[in-house]
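Asks: Handing you a structure now.
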Amino acid sequence: MNPFQYSKAKSADAAINGYMEHDNTAYLAGGTNLVDRIRRDVTHPDYLIDVSELPFSKIEKIEGGLRLGAMASNSDTADDENVKNDYPIVSEAILLGATDQLRNKATNGGNLMQRTRCSYYMSPHFACNKREPGSGCDAIDGHNRILSVLGTSEKCIASYPSDMCTALAALDAVVQIQTPNGGKRSLPLVDFRRLPGDSPEIDTNLKEGELITSIDLPESSKAFAKASHYLKVRDRHSYAFALVSVAAALVMENNMIKDARMALGSVAAKPWRDQEAEAMFIGKKPSRELFEKIAEKTMEGAKGYGENDFKIELGKRAIVKAFMKVAGLS
Amino acid sequence: MIGSPKIRVDGPEKVSGTAKYALEYKVDSPLYAVPVKSTINRGSVASINVDEVEELPGVVKVIHAGNAMKLKSFKNAPPYVLVGQKRAPLQDKQVDYIGQDVALVLAETLEDAIWAGRQLKVEYSQEQGDGNIYDLKGKTVKPEQGMLQFEMGAFAEAKNNSSTSVEATYTIPSEHHNPMEISNCIALWDGDRLTVYDATQGVNNYQACTAWCFETDPKNVRVISKYIGGGFGCKGSYWSHTVLAAIAAKMLDRPVKINLSREDMFTSAGHRPRTLQNITITGDQDGKVTGIQHKTNSYTNIEQKYFESCGNLTRVLYDIPNMSVSHEYKPLNLPSPVYMRAPGEAPGSFALESAMDEYAAKIKMDPIEFRLKNYAEVCPFDKKPWSLKKLRECYAKGAEIFGWDQRKQEPKNNMRDGKLIGYGMATSTYPANRAGGAVRLVMDAKGILTVQTAVQDIGTGTWTVMGQIAADAMGISSEMVNMELGDTDFPQGFVSGGSNLTATAGSYIIIAVKKFKEKLLQLSIAQEKSPHYQSSVEDLSIQEGMVESINGNKEKIGEIIKRSGKDTYDFTDKSQVGKGGFGYNKDAPYSSHSFGVIFAEVEIDPDLGVITVPRLTGVFDVGKIMNSKTGKSQLYGGMVWGYGMALLEKTDYNPEGRVVNADLAEYHVPVNADIRELTVDYIDEPDYNFSEHGGRGIGEIGIVGTAAAIANAVYNATGKRVRDLPITMDKLI
């Protein structure tokens, strides 16, 4: 790997100051993705600021919901009683990702920051606009089986593989951020990551130096705890990224759907939510026909690139399957 | 002793992390070497910024074609010098494929070497190459190698006269071995003598290859390989990492540790080439097959001749009077393919056994009944008797264990808990291979027998099983045997490949031990103070470490050594194969093959196409099993490999010939969650016509047939015939 400087931050302020004072800097948490990319000659930071010991590792009840510390491990989050009871698909989704060893090391904040697993991005031998803006995209006409069918651009079809964030997006999680001027701001998780457009090299809406401190789950989303499911579809039965995943959740009242949440993973550069499609659930009686109609609507704008064409049909079927289960119809 | 489930003698060292693998040996102030690989598929190196990189901190030297030590070419090497890639590295500037070595960076630390390697800018003068594995037709070569183009009877005529036929084309992607341990080594010279700690399936082959290119006597090259973290065929032939380390160590006069990366394993240690197989089976409505045609297309490197011999098993498996088996390959600008577990048989069986299933389905016959109708009582292609064949018994036992009678003949006709259920089966076969070798036996006064031979344990249990075999032959307990393997300082052994080693080394050890016993007993009856003085050797036996005569006199075997006045008594013996031969031997009185049957149950989500394999059952006729624990593990492992071939493994290339998924995240091998219930059983009848202990090799047969059994079960579940591996959900929805 390339030589770089390393320092361990004692406070969030120190971390952010360090970031702003140096060029070509990156925050290092669990390192399960960043270190891989450095080793593989994909990312070349000159300065790494280790934020893993910042005081953001708690999972705690706060007014209005549950706060998942940015530095809490994925394992601790999945095992947390409040997460399991009130937001069970978050736990389900995490446990279907990676392996025990990786989940122990990986953090919640880091999970948000992980980059695409597109093979053309992960090797410097290929053209990739995300890795090297302007170099082109070998994936579009290449082996793109795992890549996106929604929200793509002619510059990039990378997919975002996070299971955890797909579940969090469905439950309206909010990302809490500390900014370089000492302020704080928040972003809905679903808007945290960006679609590629003309600048696929920019993954997120974080600004220079900003640091994730927590991900907050709203009290209101507890209503989905009774009827929710995270469906992950993949080639290998463990230790594989999803081809398609669906976070599905309903609130039922008198056999009718009162509220619904649906997020898709691994089909776009961000967890995919379609509010028009979600609105189609409301006030309806759950049925296969309804779910099929919603699935059609959700995948309406999808575009395949050859090897990944099947993900459009698979996505629809996964939506139906997940909601049939949530509605108790399968 | 033979057959008992003795636990691995190397188990404690392996689980405690004390077993030393090649790169873990401590040597004084080593240099770290990292190869730099070509990025074009054809052309030549025009320039390299060597001076710039040699200035970087920690960098000691950049070796390239312009300054590398010159070696003797492998081009005219004899067959026993088994190299993966005949073009020795850094000998000229020509580039034939992406991933070829163009430079070697040496530095004081591994990190410095890796970093410097990335700063090396190699400029090329590029030519038009062809690295496209997706087109196997066009400018192909038809090898003339005897059995690989095989005609018997008249297939065309049989086809014209048949009432039923099936014809289909099957494709299998390129696959990589991906053992846990990457091919790395340490090379150190002491004057003219070279020692290499390597990960190899054949210490003697690596010795022979190194001696050949460095033009030295093999005695000057010592190769040590005590533990190997998986080979699967990619560590049998000789590859460039050993040459590079030895060149660098010589040029810089320091020990060198060479470090390939996981990505390098996709270009620098061989792979299984993509294949396209076309099969036609002709016959009648009652299930009698009259003719078969099996055509295979694969590819090879432009200078190599390795290709996938998928049709070999078709000559062996069924009694079919008219056969046409042919192979062709396309030379491409790609790294050379090479043997990968059950080369030929594994991909060949997917096509043949799928086609057999298609025929059975067409005439609505039970697939086992169909195979029994075409059972080969003698070897079909040479009409020789089998040394031993118990395939019929395998079918019966396997069907019973698996519950084959629960299978629905009509596809897509079996649901359980909302999932489609399918049953499939396929016949398995693998040639029984055996070669010769030498061994040194040493007995000390405590009665401990040391057995030295230059074979290696690639993780299969050779350390354990050879000890059992030697102990059994000697008449002592296996705790009294001290095995010494994996070092060319011992008498010449043989490569671990083609599932030969247990038959090869096991047999020559038994032959040697028998002679050694005779010599010991002769010594005993000549010793005045021996209780057996002047007895007849025929009246003596050795059991549980005691020499015993028919009249009941006995003593510990070590007493003979004690009285001899020497510390030890030793004997070296070399034997060649009397029967068989490593590969096919036309002079052998028998045809020797192993057989088996694989059964698979699949469970398929009808909505998503997700495939689960709740059960795999294999029953094998592999002669006598040497160790029921390590033996079963081998067969389980083979079936797991077959699962990977059926449902997961696939190397993607870009059109120029660069691997796209060169890592273990996107090149999928099976994990625990994939493998549910595995059952292995065997007939366990010794084949003494083949080997001294009656055993045949078991390293590869578990793979053969597994992919077809799963594919046939997928058909039975869904009515869909997937002829392109791996079978993934997109092919089912």
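We name chains A, B, ... following the order of the structure tokens; residues begin at 1 in each chain, and ligands are numbered from 1 as shown.
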For chain A, report every residue with an atom at most 10 Å from chain B (counting only C-alpha atoms), formatted as a ChimeraX atom specification.

Replies: /A:1-3,39-41,117-120,122-123,125-126,138-139,141-143,145-146,233-241,307-311,313-318,320-321,330

Asks: Would you give me, as a VMD selection string, the residues in stretch 35-109 of chain A that DSSP reads as strand (DSSP E or B)?

Replies: chain A and resid 47 to 50 59 to 62 65 to 69 73 107

Asks: Using only C-alpha atoms, which of B:Met251, B:Leu31, B:Ala211, B:Val455 sits nearest B:Ile228?

Replies: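 That would be B:Val455, the residue with the smallest distance to B:Ile228.
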
Asks: I need the residues of stretch 129-319 of chain A that end up classed as helix (DSSP H, G or I) by DSSP on the backbone, written out as a ChimeraX atom specification.

Replies: /A:163-170,189-191,219-224,275-279,288-298,310-319

Asks: Near A:Val90, counting only C-alpha atoms, which residues have an atom at most 7 Å away, once you skip same-chain residues fewer than 3 positions from it, shown as number ranges by chain?

Replies: A: 78, 83, 87, 93-94, 164, 167-168

Asks: Filtering to N, CA, C and O atoms, could you give me those residues as an mmCIF file, in the first residue's frame?

Replies:
```
data_model
loop_
_atom_site.group_PDB
_atom_site.id
_atom_site.type_symbol
_atom_site.label_atom_id
_atom_site.label_comp_id
_atom_site.auth_asym_id
_atom_site.auth_seq_id
_atom_site.Cartn_x
_atom_site.Cartn_y
_atom_site.Cartn_z
ATOM 1 N N ALA A 78 -26.864 -5.170 15.977
ATOM 2 C CA ALA A 78 -27.787 -6.270 15.653
ATOM 3 C C ALA A 78 -28.268 -6.983 16.912
ATOM 4 O O ALA A 78 -29.385 -7.492 16.958
ATOM 5 N N VAL A 83 -33.126 -2.553 19.486
ATOM 6 C CA VAL A 83 -33.137 -2.702 18.018
ATOM 7 C C VAL A 83 -33.962 -3.935 17.658
ATOM 8 O O VAL A 83 -34.836 -3.895 16.783
ATOM 9 N N TYR A 87 -37.124 -2.376 16.138
ATOM 10 C CA TYR A 87 -36.773 -2.185 14.722
ATOM 11 C C TYR A 87 -36.152 -3.488 14.192
ATOM 12 O O TYR A 87 -34.993 -3.508 13.759
ATOM 13 N N ALA A 93 -31.280 -7.467 8.889
ATOM 14 C CA ALA A 93 -30.471 -7.056 7.738
ATOM 15 C C ALA A 93 -28.987 -7.146 8.068
ATOM 16 O O ALA A 93 -28.191 -7.678 7.282
ATOM 17 N N ILE A 94 -28.619 -6.661 9.241
ATOM 18 C CA ILE A 94 -27.194 -6.700 9.611
ATOM 19 C C ILE A 94 -26.704 -8.141 9.657
ATOM 20 O O ILE A 94 -25.642 -8.471 9.133
ATOM 21 N N MET A 164 -27.737 -3.166 5.983
ATOM 22 C CA MET A 164 -28.167 -2.375 7.133
ATOM 23 C C MET A 164 -28.853 -1.082 6.680
ATOM 24 O O MET A 164 -29.925 -0.721 7.189
ATOM 25 N N ALA A 167 -32.433 -1.368 5.376
ATOM 26 C CA ALA A 167 -33.426 -1.448 6.454
ATOM 27 C C ALA A 167 -33.601 -0.093 7.139
ATOM 28 O O ALA A 167 -34.723 0.333 7.420
ATOM 29 N N LEU A 168 -32.491 0.581 7.384
ATOM 30 C CA LEU A 168 -32.571 1.899 8.042
ATOM 31 C C LEU A 168 -33.334 2.900 7.176
ATOM 32 O O LEU A 168 -34.110 3.716 7.689
#
```
